[in-house]
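> Next up is a structure, given as structure tokens.
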Amino acid sequence: MITLELEHFSLAQIAASGQCFRMTKNEDGSYTVIAGDRCLRGSQEGSLVEFDCPSLKELGFWVQYFDLEEDYGRFAAAVDERDAYLSGAVRLGDGIRILRQDLWEMTASFLISQNNNIARIRRCIENLCRSCGEKKCTKDGEVFYAFPQPEALAGLADDALMDCNLGYRSRYLVRSAKMIVSGEVSLPAIRQMNYPEAKAALLKLYGVGEKVADCICLFGLHHLEAFPVDTHIRQVLDREYPDGFPFGRYEGFAGVIQQYIFYKELVG
DNA sequence: ATACAGGTCTTAA
DNA sequence: TTAAGACCTGTA
């Protein structure tokens, strides 16, 4: 067990912010997060955060995962005080972070997310992991399922994942997995690209459009300038910023601002 | 019953 | 290049 004192960090807000679909609240108020083939339990009282972490090396992974080296105060401080809507959003979601999640996991997860609601997205992903992921065990003996690698999906029939209730997204996921395994779309290469290059490369995947590509860039590649526009964000832009959103003011980290807005629309 | 979820693809003008 | 329609599923 390791205790850290952290500013601008909230497990509850991160869990509710809709970027990580495998983070759940436990009955005792703690949170369990599964990333790739790792599982962590964490709890929080104010700024004191406890991670149930077996080793320093393991802690290192979660430090980068939660982006703890970054000062999110600088993002909040950049917000225009006269912008009442955004100021409110930042106050409300002060503990949000852009997690550094796995590129393939984000690709698959946001393929599933399209035209879908968050509760069902979670179930779909859990079904997928149970069906195709490796069965794992924490040191405490808790069973969980790792996120399946693309190789585990590439050989399936287009409609095989309808059993996981993915619906028509089944073929998006299977075909994209094939393209990745074959090297037609190279994830290692995409990791080396800048934002516009990476987005263009991701758009070649079947089922990946503008919005999903931006989510993958933001959450799977940590390109903070990516600004995914979904139905909620679209409504906010039309309602609160009829004369245009001040992207120039938030150049380089508009995606962080997007998360504050998304969170406000979700919980507020 | 109908609309809506962190949209994208296909097809037709 | 843009615009309608179709699309799995579950909840309100």
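Residues in the structure tokens are named by chain (A, B, ... in the order shown) and by number from 1 within that chain; ligands are numbered from 1 in the order shown.
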Hey, what's within 12 Å of stretch 1-6 of chain C if we count only C-alpha atoms (C1' of nucleotides) and toss same-chain stuff fewer than 6 positions away? As a compact mmCIF listing (two decimals) with N, CA and C atoms (P, O5', C5', C4', C3', O3' and C1' of nucleotides), in the first residue's frame, please?


# COMPACT_ATOMS: atom_id res chain seq x y z
N TYR A 168 -23.72 -3.93 -34.44
CA TYR A 168 -23.04 -3.75 -35.73
C TYR A 168 -21.58 -3.36 -35.59
P DT B 8 -16.97 8.80 -35.67
O5' DT B 8 -17.52 7.78 -36.76
C5' DT B 8 -17.45 6.39 -36.47
C4' DT B 8 -17.93 5.59 -37.66
C3' DT B 8 -17.35 6.05 -39.00
O3' DT B 8 -16.81 4.92 -39.65
C1' DT B 8 -19.72 5.90 -39.11
P DC B 9 -16.20 4.98 -41.11
O5' DC B 9 -17.34 4.28 -41.96
C5' DC B 9 -17.86 3.03 -41.52
C4' DC B 9 -18.96 2.56 -42.46
C3' DC B 9 -18.62 2.73 -43.93
O3' DC B 9 -18.91 1.55 -44.64
C1' DC B 9 -20.66 3.85 -43.42
P DT B 10 -18.56 1.40 -46.19
O5' DT B 10 -19.98 1.64 -46.91
C5' DT B 10 -21.14 1.04 -46.36
C4' DT B 10 -22.36 1.48 -47.14
C3' DT B 10 -22.17 1.65 -48.64
O3' DT B 10 -23.22 1.00 -49.32
C1' DT B 10 -23.11 3.62 -47.71
P DT B 11 -23.16 0.79 -50.91
O5' DT B 11 -24.19 1.87 -51.45
C5' DT B 11 -25.47 1.96 -50.84
C4' DT B 11 -26.11 3.30 -51.20
C3' DT B 11 -25.99 3.66 -52.69
O3' DT B 11 -27.30 3.77 -53.24
C1' DT B 11 -25.49 5.52 -51.27
P DA B 12 -27.51 3.96 -54.84
O5' DA B 12 -28.00 5.49 -54.89
C5' DA B 12 -28.99 5.95 -53.96
C4' DA B 12 -29.05 7.46 -53.99
C3' DA B 12 -29.04 8.05 -55.42
O3' DA B 12 -30.00 9.08 -55.51
C1' DA B 12 -27.34 9.03 -54.14
P DA B 13 -30.60 9.55 -56.95
O5' DA B 13 -30.10 11.05 -57.11
C5' DA B 13 -30.92 12.11 -56.58
C4' DA B 13 -30.04 13.25 -56.09
C3' DA B 13 -29.70 14.28 -57.16
O3' DA B 13 -30.36 15.51 -56.89
C1' DA B 13 -27.81 13.74 -55.78

> Would you list which chain A residues are within 10 Å of chain C using only C-alpha atoms (C1' of nucleotides), as a list in words?

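Result, ordered by chain then number: Asn115, Asn116, Asn117, Ala119, Arg120, Met162, Asn165, Leu166, Gly167, Tyr168, Arg169 and Ser170 of chain A.
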
> For chain B against chain A, which residues fall within 6 Å using only C-alpha atoms (C1' of nucleotides), given as a ChimeraX atom specification?

/B:5-8

> Provide the atom CA of A:Cys20 to atom CA of A:Pro246 distance in Å, to one decimal place.

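Calculated distance between atom CA of A:Cys20 and atom CA of A:Pro246 is 27.0 Å.
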
> Between A:Cys129, A:Ile190, A:Ile98, A:Leu161, which residue has the minimum interatomic distance to A:Tyr260, considering only C-alpha atoms?

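Comparing A:Cys129, A:Ile190, A:Ile98, A:Leu161 against A:Tyr260, the winner is A:Ile98.
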
> So that I can check the surroundings of stretch 79-85 of chain A, please list as number ranges by chain every protein, DNA and RNA residue that reaches within 12 Å of it, counting only C-alpha atoms (C1' of nucleotides) and ignoring chain neighbours fewer than 3 positions away.

A: 72-76, 88-92, 236-237, 239-241, 245-251, 253-254, 256-258, 260-261, 264-265, 268

> Taking the backbone alone, and naming residues the way the document does, which bits of stretch 122-218 of chain A are strand (DSSP E) by DSSP, as a list of chain:residue names?

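Put together, the selection reads A:Lys135, A:Lys136, A:Cys137, A:Val143, A:Phe144, A:Tyr145.
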
> Please, could you write that set of residues out with N, CA and C atoms as a CSV table (one decimal), in the first residue's frame?


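Wrote out_8.csv, looks like this:
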chain,number,residue,atom,x,y,z
A,135,LYS,N,-7.6,-14.6,-18.7
A,135,LYS,CA,-8.1,-14.6,-17.3
A,135,LYS,C,-6.9,-14.4,-16.4
A,136,LYS,N,-7.1,-13.4,-15.5
A,136,LYS,CA,-6.0,-13.0,-14.6
A,136,LYS,C,-6.4,-13.1,-13.1
A,137,CYS,N,-5.4,-12.9,-12.3
A,137,CYS,CA,-5.7,-13.0,-10.8
A,137,CYS,C,-4.8,-11.9,-10.1
A,143,VAL,N,-10.3,-12.3,-9.4
A,143,VAL,CA,-10.2,-12.6,-10.8
A,143,VAL,C,-10.6,-11.4,-11.7
A,144,PHE,N,-9.9,-11.2,-12.7
A,144,PHE,CA,-10.3,-10.2,-13.7
A,144,PHE,C,-9.8,-10.6,-15.1
A,145,TYR,N,-10.3,-10.0,-16.1
A,145,TYR,CA,-9.9,-10.4,-17.5
A,145,TYR,C,-9.2,-9.2,-18.2

> Please list as a PyMOL selection string every residue within 10 Å of A:Ser186, counting only C-alpha atoms (C1' of nucleotides) and excluding residues in the same chain fewer than 6 positions away.

chain A and resi 179-180+201-202

> Take atom CA of A:Thr107 and atom CA of A:Cys217 and report the distance between them in Å, one decimal.

9.1 Å

> Show me, as a PyMOL selection string, the residues that have an atom within 12 Å of A:Asp140 when counting only C-alpha atoms (C1' of nucleotides), minus same-chain residues fewer than 5 positions from it.

chain A and resi 39-41+52-54

> Since we have the selection now, will you write its residues out, keeping N, CA and C atoms, as an mmCIF file, in the first residue's frame?


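Result file is selection_27.cif:
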data_model
loop_
_atom_site.group_PDB
_atom_site.id
_atom_site.type_symbol
_atom_site.label_atom_id
_atom_site.label_comp_id
_atom_site.auth_asym_id
_atom_site.auth_seq_id
_atom_site.Cartn_x
_atom_site.Cartn_y
_atom_site.Cartn_z
ATOM 1 N N CYS A 39 -4.271 -4.651 -12.879
ATOM 2 C CA CYS A 39 -5.429 -4.285 -12.072
ATOM 3 C C CYS A 39 -4.942 -3.580 -10.808
ATOM 4 N N LEU A 40 -5.565 -2.473 -10.480
ATOM 5 C CA LEU A 40 -5.171 -1.702 -9.300
ATOM 6 C C LEU A 40 -6.393 -1.318 -8.492
ATOM 7 N N ARG A 41 -6.233 -1.400 -7.172
ATOM 8 C CA ARG A 41 -7.273 -0.885 -6.294
ATOM 9 C C ARG A 41 -6.753 0.390 -5.642
ATOM 10 N N ASP A 52 -3.068 0.369 -3.833
ATOM 11 C CA ASP A 52 -2.712 -0.964 -3.364
ATOM 12 C C ASP A 52 -1.757 -1.576 -4.384
ATOM 13 N N CYS A 53 -0.498 -1.195 -4.231
ATOM 14 C CA CYS A 53 0.502 -1.449 -5.252
ATOM 15 C C CYS A 53 1.605 -2.343 -4.697
ATOM 16 N N PRO A 54 1.893 -3.472 -5.354
ATOM 17 C CA PRO A 54 2.817 -4.447 -4.806
ATOM 18 C C PRO A 54 4.290 -4.037 -4.868
#
